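Structure file protein22.csv; described as CSV, C-alpha atoms.
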chain,number,residue,atom,x,y,z
A,1,MET,CA,146.2,107.6,6.8
A,2,ILE,CA,142.7,106.2,7.8
A,3,ALA,CA,143.5,103.2,5.6
A,4,MET,CA,146.8,102.7,7.5
A,5,ALA,CA,145.1,102.8,10.9
A,6,GLU,CA,142.3,100.4,9.8
A,7,ALA,CA,144.7,97.9,8.2
A,8,MET,CA,146.7,97.8,11.4
A,9,THR,CA,143.6,97.3,13.5
A,10,GLU,CA,143.1,94.1,11.4
A,11,LYS,CA,146.6,92.9,10.9
A,12,GLY,CA,149.0,94.8,13.2
A,13,TYR,CA,151.9,97.0,12.0
A,14,VAL,CA,154.3,94.2,11.2
A,15,SER,CA,151.8,92.3,9.0
A,16,THR,CA,150.3,95.3,7.3
A,17,THR,CA,151.8,95.9,3.9
A,18,VAL,CA,151.7,99.0,1.7
A,19,ALA,CA,149.4,96.9,-0.6
A,20,ASP,CA,147.0,96.5,2.3
A,21,VAL,CA,146.9,100.3,2.7
A,22,LEU,CA,146.5,100.9,-1.0
A,23,ALA,CA,143.6,98.5,-1.2
A,24,ARG,CA,141.8,100.1,1.7
A,25,ALA,CA,142.5,103.7,0.5
A,26,GLY,CA,141.7,102.9,-3.1
A,27,VAL,CA,144.8,104.7,-4.4
A,28,SER,CA,147.7,103.6,-6.6
A,29,ARG,CA,151.1,102.8,-5.4
A,30,GLU,CA,152.4,105.9,-7.3
A,31,THR,CA,149.9,108.1,-5.3
A,32,PHE,CA,151.0,106.5,-2.0
A,33,TYR,CA,154.7,107.2,-2.8
A,34,GLN,CA,153.9,110.8,-3.8
A,35,GLN,CA,152.7,111.3,-0.2
A,36,PHE,CA,154.9,109.0,1.8
A,37,SER,CA,158.4,107.5,1.4
A,38,SER,CA,157.6,104.2,3.1
A,39,LYS,CA,155.2,102.3,5.3
A,40,LEU,CA,157.0,103.7,8.3
A,41,ASP,CA,156.7,107.3,7.0
A,42,CYS,CA,152.9,106.7,6.5
A,43,PHE,CA,152.7,105.3,10.0
A,44,MET,CA,154.5,108.3,11.5
A,45,HIS,CA,152.3,110.8,9.7
A,46,THR,CA,149.2,108.8,10.8
A,47,PHE,CA,150.6,108.6,14.4
A,48,ASP,CA,150.9,112.4,14.5
A,49,ALA,CA,147.4,112.9,13.1
A,50,ALA,CA,146.0,110.4,15.7
A,51,ALA,CA,147.8,112.2,18.5
A,52,GLU,CA,146.4,115.6,17.4
A,53,ILE,CA,142.9,114.1,17.2
A,54,LEU,CA,143.3,112.8,20.8
A,55,LEU,CA,144.7,116.1,22.1
A,56,ALA,CA,142.0,118.1,20.4
A,57,GLN,CA,139.2,115.9,21.6
A,58,VAL,CA,140.5,115.9,25.2
A,59,GLY,CA,140.8,119.6,25.1
A,60,ASP,CA,142.8,122.2,27.0
A,61,PRO,CA,143.4,121.2,30.6
A,62,ALA,CA,143.4,124.9,31.6
A,63,ALA,CA,140.0,125.4,30.2
A,64,THR,CA,138.4,122.8,32.4
A,65,ASP,CA,136.7,124.1,35.6
A,66,GLY,CA,136.3,122.5,39.0
A,67,SER,CA,138.6,120.9,41.6
A,68,PRO,CA,141.6,119.0,40.4
A,69,TYR,CA,139.7,115.7,40.7
A,70,GLU,CA,136.7,117.1,38.7
A,71,ARG,CA,139.0,118.4,36.0
A,72,PHE,CA,140.7,115.0,35.8
A,73,ASP,CA,137.4,113.2,35.7
A,74,ALA,CA,136.2,115.5,32.8
A,75,LEU,CA,139.5,115.1,30.8
A,76,PHE,CA,139.8,111.3,31.5
A,77,THR,CA,136.2,110.8,30.4
A,78,ARG,CA,136.9,112.6,27.2
A,79,TYR,CA,140.1,110.6,26.7
A,80,ILE,CA,138.2,107.3,27.1
A,81,ASP,CA,135.3,108.6,24.8
A,82,THR,CA,137.9,109.5,22.2
A,83,LEU,CA,139.5,106.0,22.3
A,84,VAL,CA,136.1,104.5,21.9
A,85,ALA,CA,135.2,106.8,19.1
A,86,GLU,CA,138.5,106.4,17.2
A,87,PRO,CA,139.7,102.8,18.1
A,88,ALA,CA,141.9,102.4,15.0
A,89,PHE,CA,143.8,105.6,15.7
A,90,ALA,CA,143.9,104.7,19.4
A,91,ARG,CA,145.4,101.3,18.6
A,92,LEU,CA,147.9,102.9,16.3
A,93,PHE,CA,149.5,105.2,18.9
A,94,LEU,CA,148.9,103.0,22.0
A,95,VAL,CA,149.8,99.6,20.6
A,96,GLU,CA,151.3,99.6,17.2
A,97,ALA,CA,153.9,102.2,17.9
A,98,TYR,CA,155.9,99.6,19.7
A,99,ALA,CA,156.0,97.4,16.7
A,100,ALA,CA,156.9,100.2,14.3
A,101,GLY,CA,160.4,100.6,15.8
A,102,PRO,CA,162.6,103.1,17.7
A,103,ALA,CA,161.5,106.2,15.9
A,104,ALA,CA,157.8,105.5,16.6
A,105,ILE,CA,158.5,104.6,20.2
A,106,GLU,CA,160.4,107.9,20.7
A,107,ARG,CA,157.4,109.7,19.2
A,108,ARG,CA,155.1,107.7,21.5
A,109,MET,CA,157.2,108.7,24.6
A,110,ALA,CA,157.1,112.3,23.5
A,111,LEU,CA,153.3,112.2,23.4
A,112,GLN,CA,153.3,110.5,26.7
A,113,ALA,CA,155.4,113.3,28.2
A,114,ARG,CA,153.0,115.9,26.8
A,115,ILE,CA,150.1,114.0,28.4
A,116,THR,CA,152.0,113.8,31.7
A,117,ASP,CA,152.6,117.6,31.6
A,118,ALA,CA,148.9,118.2,31.1
A,119,LEU,CA,148.0,115.8,34.0
A,120,VAL,CA,150.5,117.6,36.3
A,121,GLU,CA,148.7,120.9,35.4
A,122,VAL,CA,145.2,119.4,35.8
A,123,LEU,CA,145.9,117.9,39.2
A,124,ALA,CA,147.9,120.9,40.4
A,125,VAL,CA,150.9,118.7,41.2
A,126,GLU,CA,153.9,120.5,42.7
A,127,SER,CA,156.2,117.8,44.0
A,128,ASP,CA,158.6,115.5,42.2
A,129,HIS,CA,156.8,112.6,43.8
A,130,GLY,CA,153.5,113.8,42.4
A,131,ARG,CA,155.0,114.3,38.9
A,132,PHE,CA,156.4,110.7,39.1
A,133,ALA,CA,153.0,109.5,40.1
A,134,CYS,CA,151.5,111.2,37.1
A,135,GLN,CA,154.1,109.6,34.8
A,136,MET,CA,153.2,106.2,36.2
A,137,LEU,CA,149.5,106.9,35.8
A,138,VAL,CA,149.9,107.9,32.2
A,139,ALA,CA,152.1,104.8,31.5
A,140,GLY,CA,149.8,102.5,33.4
A,141,VAL,CA,146.7,103.7,31.6
A,142,GLY,CA,148.5,103.4,28.3
A,143,ALA,CA,149.3,99.8,29.1
A,144,MET,CA,145.8,99.0,30.5
A,145,VAL,CA,144.0,100.2,27.4
A,146,ALA,CA,146.1,98.1,25.1
A,147,VAL,CA,144.3,94.8,25.6
A,148,PRO,CA,140.8,96.2,25.1
A,149,LEU,CA,142.0,98.0,21.9
A,150,VAL,CA,143.6,94.8,20.5
A,151,ASN,CA,140.5,92.8,21.4
A,152,GLN,CA,138.2,95.6,20.1
A,153,ASP,CA,136.4,95.5,23.4
A,154,LEU,CA,135.2,99.1,23.7
A,155,GLU,CA,133.1,98.4,26.7
A,156,ALA,CA,136.2,97.2,28.6
A,157,LEU,CA,137.8,100.6,27.7
A,158,ARG,CA,134.8,102.4,29.3
A,159,ASP,CA,135.1,100.1,32.4
A,160,LEU,CA,138.6,101.3,33.1
A,161,ARG,CA,137.2,104.8,34.1
A,162,THR,CA,135.9,103.8,37.5
A,163,GLY,CA,139.2,102.2,38.7
A,164,VAL,CA,141.4,105.0,37.4
A,165,LEU,CA,139.2,107.7,39.0
A,166,ASP,CA,139.3,105.8,42.3
A,167,LEU,CA,143.1,105.5,42.1
A,168,VAL,CA,143.5,109.2,41.3
A,169,ALA,CA,141.1,110.2,44.2
A,170,ARG,CA,143.1,108.1,46.6
A,171,THR,CA,146.7,109.0,45.5
A,172,LEU,CA,146.8,112.3,43.7
A,173,CYS,CA,143.9,114.4,45.1

Would you mind writing the file's structure down as structure tokens?
Amino acid sequence: MIAMAEAMTEKGYVSTTVADVLARAGVSRETFYQQFSSKLDCFMHTFDAAAEILLAQVGDPAATDGSPYERFDALFTRYIDTLVAEPAFARLFLVEAYAAGPAAIERRMALQARITDALVEVLAVESDHGRFACQMLVAGVGAMVAVPLVNQDLEALRDLRTGVLDLVARTLC
């Protein structure tokens, strides 16, 4: 799965072949197909692993102390730190899911919904308007991190923090 993420960082989902994954992983085609039924199957398993890494690194929103803004700041900082620490996995679920097709996009949207639910909890949002604002924030951040991930500009990822925190302070807290 690491080989899949790394190959896609270099070539993108569409141009990545099973042979690329095999070469990076140092395994035979037979070994690959004992684990996965196709490139897409490998992608989906890797997507799920990447999502679990992200969610584990960000942590439990309920376990974060402070005001809603302070909780958001702590969680968002860990989110950005995780993207910087795991850029291949980050690119996989934030960028390449769209190239992998409808099943991957559905999986991406389900993850986005989980993140939105956590954000609603962190910010103590109670209104439909606030929930919609959280959905927009999650979608917007997902779109904004795509270019730095594709360009492998990890500093630009870090630079997003200030603007996002300002937006949250002005609109949701």

Set the distance at 10 Å and use only C-alpha atoms: which residues neighbour Ala156 (chain A) once local chain neighbours fewer than 5 positions away are removed? I'd like the list as an mmCIF file with C-alpha atoms, in the coordinates of the input.
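See result32.cif below for the written result:
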data_model
loop_
_atom_site.group_PDB
_atom_site.id
_atom_site.type_symbol
_atom_site.label_atom_id
_atom_site.label_comp_id
_atom_site.auth_asym_id
_atom_site.auth_seq_id
_atom_site.Cartn_x
_atom_site.Cartn_y
_atom_site.Cartn_z
ATOM 1 C CA VAL A 84 136.100 104.500 21.900
ATOM 2 C CA MET A 144 145.800 99.000 30.500
ATOM 3 C CA VAL A 145 144.000 100.200 27.400
ATOM 4 C CA VAL A 147 144.300 94.800 25.600
ATOM 5 C CA PRO A 148 140.800 96.200 25.100
ATOM 6 C CA LEU A 149 142.000 98.000 21.900
ATOM 7 C CA ASN A 151 140.500 92.800 21.400
ATOM 8 C CA ARG A 161 137.200 104.800 34.100
#

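Comparing A:Val27, A:Gly163, A:Ala133, A:Leu157 by their smallest distance to Asp81 (chain A), the closest is A:Leu157 (using only C-alpha atoms).
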
So what do you get for CA of Val21 (chain A) versus CA of Ala3 (chain A), distance-wise?
-> 5.3 Å

Of the residues A:Asp20, A:Leu172, A:Ala90, A:Tyr69, which is the one nearest to Glu126 (chain A), using all atoms listed in the file?
-> A:Leu172

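Proximity to Ala7 (chain A) was assessed for A:Ala85, A:Ile115, A:Leu92, A:Asp73 counting all atoms listed in the file; the smallest distance is recorded for A:Leu92.
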
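Every protein, DNA or RNA residue with an atom at most 8 Å from region 101-110 of chain A, where all atoms listed in the file count and chain neighbours fewer than 6 positions away do not, is listed here: Met44, Phe93 and Leu94 of chain A.
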
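Each of A:Leu83, A:Ala169, A:Ala56, A:Ala5 was compared to Glu96 (chain A) using only C-alpha atoms, and A:Ala5 turns out to be the nearest.
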
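In this model, the gap between CA of Ala124 (chain A) and CA of Leu54 (chain A) comes to 21.7 Å.
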
Top pick for closest residue to Val122 (chain A), considering A:Ala74, A:Ile2, A:Leu22, A:Ala62 and counting only C-alpha atoms = A:Ala62

Would you list the residues near (145.3, 117.5, 29.9) (no more than 12 Å away, in the coordinates of the file, using all atoms listed in the file) as an mmCIF file with C-alpha atoms, in the frame of the given file?
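Result file result32.cif:
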data_model
loop_
_atom_site.group_PDB
_atom_site.id
_atom_site.type_symbol
_atom_site.label_atom_id
_atom_site.label_comp_id
_atom_site.auth_asym_id
_atom_site.auth_seq_id
_atom_site.Cartn_x
_atom_site.Cartn_y
_atom_site.Cartn_z
ATOM 1 C CA LEU A 54 143.300 112.800 20.800
ATOM 2 C CA LEU A 55 144.700 116.100 22.100
ATOM 3 C CA ALA A 56 142.000 118.100 20.400
ATOM 4 C CA GLN A 57 139.200 115.900 21.600
ATOM 5 C CA VAL A 58 140.500 115.900 25.200
ATOM 6 C CA GLY A 59 140.800 119.600 25.100
ATOM 7 C CA ASP A 60 142.800 122.200 27.000
ATOM 8 C CA PRO A 61 143.400 121.200 30.600
ATOM 9 C CA ALA A 62 143.400 124.900 31.600
ATOM 10 C CA ALA A 63 140.000 125.400 30.200
ATOM 11 C CA THR A 64 138.400 122.800 32.400
ATOM 12 C CA PRO A 68 141.600 119.000 40.400
ATOM 13 C CA ARG A 71 139.000 118.400 36.000
ATOM 14 C CA PHE A 72 140.700 115.000 35.800
ATOM 15 C CA ASP A 73 137.400 113.200 35.700
ATOM 16 C CA ALA A 74 136.200 115.500 32.800
ATOM 17 C CA LEU A 75 139.500 115.100 30.800
ATOM 18 C CA PHE A 76 139.800 111.300 31.500
ATOM 19 C CA THR A 77 136.200 110.800 30.400
ATOM 20 C CA ARG A 78 136.900 112.600 27.200
ATOM 21 C CA TYR A 79 140.100 110.600 26.700
ATOM 22 C CA LEU A 111 153.300 112.200 23.400
ATOM 23 C CA GLN A 112 153.300 110.500 26.700
ATOM 24 C CA ALA A 113 155.400 113.300 28.200
ATOM 25 C CA ARG A 114 153.000 115.900 26.800
ATOM 26 C CA ILE A 115 150.100 114.000 28.400
ATOM 27 C CA THR A 116 152.000 113.800 31.700
ATOM 28 C CA ASP A 117 152.600 117.600 31.600
ATOM 29 C CA ALA A 118 148.900 118.200 31.100
ATOM 30 C CA LEU A 119 148.000 115.800 34.000
ATOM 31 C CA VAL A 120 150.500 117.600 36.300
ATOM 32 C CA GLU A 121 148.700 120.900 35.400
ATOM 33 C CA VAL A 122 145.200 119.400 35.800
ATOM 34 C CA LEU A 123 145.900 117.900 39.200
ATOM 35 C CA ALA A 124 147.900 120.900 40.400
ATOM 36 C CA CYS A 134 151.500 111.200 37.100
ATOM 37 C CA VAL A 138 149.900 107.900 32.200
#
